[in-house]
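Undergrad: Mind looking over this structure? Questions follow.
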Protein chains: 2
Amino acid sequence: MAYHRYVNERSVKVNGGRARQKEQTRRTLIRESRRLFATAGYGAVSLSEVVRAAGVTKGALYHHFDGKTALFRAVLEEVQQQVAEAVAAAAEAQDDPWARFTAGCQAFLTSGTDPDVRQIMLLDGPAVLGWNEWRALDEAASARHLAEELTALIEEGLLPPQPVAPLTRLLSGAMNEAALWLAESTNPEDLTDARAALSRLLEALRSPQ
Amino acid sequence: MAYHRYVNERSVKVNGGRARQKEQTRRTLIRESRRLFATAGYGAVSLSEVVRAAGVTKGALYHHFDGKTALFRAVLEEVQQQVAEAVAAAAEAQDDPWARFTAGCQAFLTSGTDPDVRQIMLLDGPAVLGWNEWRALDEAASARHLAEELTALIEEGLLPPQPVAPLTRLLSGAMNEAALWLAESTNPEDLTDARAALSRLLEALRSPQ
DNA sequence: CTCCTTCGCATACCGTCGGTATGTGAAGGT
DNA sequence: ACCTTCACATACCGACGGTATGCGAAGGAG
């Protein structure tokens, strides 16, 4: 009985090298925990569920991560990276600087309605890791790009000169909360209204022509 | 030994009626749990700590509240009510409708820097109770006033006609996040910048004269 | 004053959780 | 063929949130 998984699955199955198997286990843990965290929320997910869903034991989990919060951090980083990629893709599809800015913001608003993003990045993230660490990860993933965009827009005269840090937080928070509201909504008209409201907000900030 | 507290403290001390004592126990539990929740965060506070700080046992806690989240909910309602009172007081000190609106928003931004508000209302609230319930409480406490103010401003022509629901979330989220950023800041200049940024944002939304 | 009911709270206990210490055997180098 | 490494599995722990039960003072009824 003991260690039967080694005999039954690990050594018999066609496995790549040890490093390859290790990475696969790690990715499985992240994938399954992400699914559980997204659907039930961090607090309602036990590590027993995670390792059962991943087909490993707690020994494997603690071999890859320092604990539950470290596992969550890895998941959050993955989610944030995906959001950042979506935002960057939407922004880079535009040529006009102002259009790039607004397209990125709208893409961020849309991303926030994804269930994984909503629960992991917007709801649990700040509470589990603390706002400092959450913001540091957010900064590294996407908020830095937003701040850089704002700085560029000010330099180009499209935005009135002002400190970018508070404006970044104002806009980031506005989009986060609007995305949460949107994700909860059942009325499809709300999406249109939210995008319009964000559009109005951004346009209102623009320098007078 | 058993039930010695009854003999030593409860019946000997000068106590008001049973109902009075009950309310005092409840308020003590809320007060102490609020203090612990605010300083350590919901997840890092155990009910053992709470009842020890309150000088009662878990039996008392579960007599007053259905569980840990119910205790947190009671605390959150108290915090939200205090924020709402501060915002209402700041708004009603102004005569001009637009000044009332902006003063309320600035007061909300200031309230968010309070440690209790920050941790309980802004960080743990949505994660612990879920966004739906958190928003329902927020709605009842203060967001409804914000929405009513916005509706009134639109009717008076001070804001362009638009759906108020998404705008309410945008503004609420912007102020929440800015408050979190402010609370973390060590530079006193950030407070000035944040208030200025919020002021610019609100002014930008105003109807062109 | 006496009895009886109510109820606010204490006590004792439980299953489960996150976390740790230790064991094990296949992989990969020598 | 051997030996070291390491990617896990196993077994166990203290602490947690929650529950069942007991108790005794408070307050009303007669």
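Naming scheme: A, B, ... for chains in displayed order of the structure tokens; residues 1 onward per chain; ligands 1 onward as shown.
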Using only C-alpha atoms (C1' of nucleotides), find each residue in chain C having at least one atom no more than 10 Å away from chain B; report its shortest atom-to-atom pair and that distance in Å (one decimal), rows by chain then rising number, as a Markdown table.
TA:
| residue | atom | partner | partner_atom | distance |
| --- | --- | --- | --- | --- |
| C:DC7 | C1' | B:Arg18 | CA | 9.1 |
| C:DG8 | C1' | B:Lys22 | CA | 7.1 |
| C:DC9 | C1' | B:Ala60 | CA | 5.1 |
| C:DA10 | C1' | B:Tyr3 | CA | 6.1 |
| C:DT11 | C1' | B:Ala2 | CA | 7.9 |
Undergrad: Any chance you could tabulate, as a Markdown table, the residues of chain A at most 7 Å from chain B with each one's nearest atom pair and distance in Å to one decimal, using only C-alpha atoms, in chain and rising number order?
TA:
| residue | atom | partner | partner_atom | distance |
| --- | --- | --- | --- | --- |
| A:Leu123 | CA | B:Ala127 | CA | 5.2 |
| A:Asp124 | CA | B:Ala127 | CA | 5.3 |
| A:Pro126 | CA | B:Leu123 | CA | 6.2 |
| A:Ala127 | CA | B:Leu123 | CA | 5.3 |
| A:Pro163 | CA | B:Asp193 | CA | 6.9 |
| A:Pro166 | CA | B:Ala194 | CA | 5.3 |
| A:Leu167 | CA | B:Ala197 | CA | 6.0 |
| A:Arg169 | CA | B:Ala178 | CA | 5.4 |
| A:Leu170 | CA | B:Ala174 | CA | 4.3 |
| A:Leu171 | CA | B:Ala174 | CA | 6.1 |
| A:Gly173 | CA | B:Ala174 | CA | 4.4 |
| A:Ala174 | CA | B:Ala174 | CA | 4.2 |
| A:Met175 | CA | B:Leu170 | CA | 6.5 |
| A:Asn176 | CA | B:Gly173 | CA | 6.8 |
| A:Glu177 | CA | B:Gly173 | CA | 4.8 |
| A:Ala178 | CA | B:Arg169 | CA | 5.4 |
| A:Asp193 | CA | B:Pro166 | CA | 6.7 |
| A:Ala194 | CA | B:Pro166 | CA | 5.3 |
| A:Ala197 | CA | B:Leu167 | CA | 6.0 |
| A:Leu201 | CA | B:Leu205 | CA | 6.7 |
| A:Ala204 | CA | B:Ala204 | CA | 5.0 |
| A:Leu205 | CA | B:Ala204 | CA | 5.8 |
Undergrad: Since we have the selection now, will you write its residues out, keeping C-alpha atoms, as a PDB file, in the first residue's frame?
TA:
ATOM      1  CA  LEU A 123     -11.439  40.275  -3.873  1.00  0.00           C
ATOM      2  CA  ASP A 124      -9.035  37.910  -2.144  1.00  0.00           C
ATOM      3  CA  PRO A 126      -5.588  42.459  -1.098  1.00  0.00           C
ATOM      4  CA  ALA A 127      -7.056  40.661   1.912  1.00  0.00           C
ATOM      5  CA  PRO A 163       1.167  63.943  -9.912  1.00  0.00           C
ATOM      6  CA  PRO A 166      -2.683  59.470  -6.948  1.00  0.00           C
ATOM      7  CA  LEU A 167      -4.302  59.623 -10.370  1.00  0.00           C
ATOM      8  CA  ARG A 169      -4.733  54.835  -7.863  1.00  0.00           C
ATOM      9  CA  LEU A 170      -7.950  56.733  -8.559  1.00  0.00           C
ATOM     10  CA  LEU A 171      -8.270  55.247 -12.020  1.00  0.00           C
ATOM     11  CA  GLY A 173      -9.627  51.711  -8.141  1.00  0.00           C
ATOM     12  CA  ALA A 174     -12.416  53.045 -10.308  1.00  0.00           C
ATOM     13  CA  MET A 175     -11.877  50.342 -12.901  1.00  0.00           C
ATOM     14  CA  ASN A 176     -11.530  47.599 -10.288  1.00  0.00           C
ATOM     15  CA  GLU A 177     -14.768  48.482  -8.576  1.00  0.00           C
ATOM     16  CA  ALA A 178     -16.636  48.957 -11.828  1.00  0.00           C
ATOM     17  CA  ASP A 193     -23.222  51.736 -19.430  1.00  0.00           C
ATOM     18  CA  ALA A 194     -20.043  50.956 -17.555  1.00  0.00           C
ATOM     19  CA  ALA A 197     -19.167  55.862 -17.889  1.00  0.00           C
ATOM     20  CA  LEU A 201     -14.525  59.764 -17.026  1.00  0.00           C
ATOM     21  CA  ALA A 204     -13.301  64.450 -18.840  1.00  0.00           C
ATOM     22  CA  LEU A 205      -9.748  64.222 -17.575  1.00  0.00           C
TER      23      LEU A 205
END
Undergrad: Between chain D and chain A, at 10 Å or less, what are the per-residue closest atom pairs and their distances in Å? Count only C-alpha atoms (C1' of nucleotides), order by chain and rising residue number, and return it as CSV.
TA:
residue,atom,partner,partner_atom,distance
D:DC6,C1',A:Arg18,CA,9.0
D:DA7,C1',A:Lys22,CA,7.1
D:DC8,C1',A:Ala60,CA,5.4
D:DA9,C1',A:Tyr3,CA,6.1
D:DT10,C1',A:Ala2,CA,8.1
Undergrad: Using only C-alpha atoms (C1' of nucleotides), which protein or nucleic acid residues come within 12 Å of D:DT4? Drop anything in the same chain fewer than 4 positions from it, and give the result as a list in words.
TA: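 Everything that qualifies: DA27, DG28, DG29 and DT30 of chain C.
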Undergrad: Can you write out the residues you just picked, keeping N, CA and C atoms (P, O5', C5', C4', C3', O3' and C1' of nucleotides), as a CSV table (one decimal), in the first residue's frame?
TA:
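File written: part_16.csv
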chain,number,residue,atom,x,y,z
C,27,DA,P,12.5,6.2,-12.6
C,27,DA,O5',13.5,7.4,-12.5
C,27,DA,C5',13.0,8.6,-12.0
C,27,DA,C4',14.1,9.7,-12.0
C,27,DA,C3',15.0,9.7,-13.2
C,27,DA,O3',15.3,11.0,-13.6
C,27,DA,C1',16.3,9.3,-11.3
C,28,DG,P,16.0,11.4,-14.9
C,28,DG,O5',17.6,11.6,-14.5
C,28,DG,C5',17.9,12.5,-13.4
C,28,DG,C4',19.4,12.4,-13.1
C,28,DG,C3',20.3,12.2,-14.3
C,28,DG,O3',21.4,13.1,-14.2
C,28,DG,C1',20.7,10.5,-12.7
C,29,DG,P,22.3,13.3,-15.4
C,29,DG,O5',23.8,13.2,-14.8
C,29,DG,C5',24.2,14.0,-13.7
C,29,DG,C4',25.0,13.3,-12.7
C,29,DG,C3',26.4,12.9,-13.2
C,29,DG,O3',27.4,13.4,-12.3
C,29,DG,C1',25.4,11.0,-12.3
C,30,DT,P,28.9,13.5,-12.6
C,30,DT,O5',29.5,12.1,-12.1
C,30,DT,C5',29.5,11.8,-10.7
C,30,DT,C4',30.2,10.5,-10.5
C,30,DT,C3',31.5,10.3,-11.3
C,30,DT,O3',32.5,9.8,-10.5
C,30,DT,C1',30.0,8.4,-11.5
Undergrad: Got a sec: who's within 12 Å of A:Ser33, counting only C-alpha atoms (C1' of nucleotides), leaving out chain neighbours fewer than 6 positions off, as number ranges by chain?
TA: A: 26-27, 39-42, 44-55, 61, 68-76, 78, 116, 120
Undergrad: Generate the output file for the selected residues, C-alpha atoms, as a compact mmCIF listing (two decimals), in the first residue's frame.
TA:
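Output (out30.txt):
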# COMPACT_ATOMS: atom_id res chain seq x y z
CA ARG A 26 3.80 22.52 -9.99
CA ARG A 27 1.63 23.63 -12.86
CA THR A 39 -14.91 29.37 -7.48
CA ALA A 40 -14.99 29.14 -3.69
CA GLY A 41 -12.67 31.92 -2.53
CA TYR A 42 -9.36 31.58 -0.71
CA ALA A 44 -13.20 28.33 1.73
CA VAL A 45 -10.57 26.21 -0.01
CA SER A 46 -8.59 23.70 2.05
CA LEU A 47 -5.20 22.40 1.04
CA SER A 48 -6.66 18.91 1.27
CA GLU A 49 -9.04 19.79 -1.55
CA VAL A 50 -6.21 21.26 -3.57
CA VAL A 51 -3.92 18.26 -3.33
CA ARG A 52 -6.81 15.87 -3.92
CA ALA A 53 -7.79 17.76 -7.07
CA ALA A 54 -4.18 17.81 -8.20
CA GLY A 55 -3.70 14.11 -7.51
CA LEU A 61 2.50 20.96 -2.20
CA LYS A 68 -1.15 28.32 1.46
CA THR A 69 -0.48 32.01 0.97
CA ALA A 70 2.59 31.26 -1.17
CA LEU A 71 0.44 29.05 -3.36
CA PHE A 72 -2.10 31.84 -3.64
CA ARG A 73 0.64 34.30 -4.50
CA ALA A 74 1.78 32.12 -7.39
CA VAL A 75 -1.79 31.89 -8.63
CA LEU A 76 -2.32 35.62 -8.30
CA GLU A 78 -0.40 34.17 -13.06
CA ASP A 116 -10.81 34.21 -11.82
CA ILE A 120 -8.50 36.08 -6.96
Undergrad: Neighbours of C:DC14 within 12 Å (only C-alpha atoms (C1' of nucleotides); same-chain residues fewer than 6 positions away dropped), as a list in words?
TA: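 Surrounding residues, per the criterion: DC16, DG17, DG18, DT19 and DA20 of chain D.
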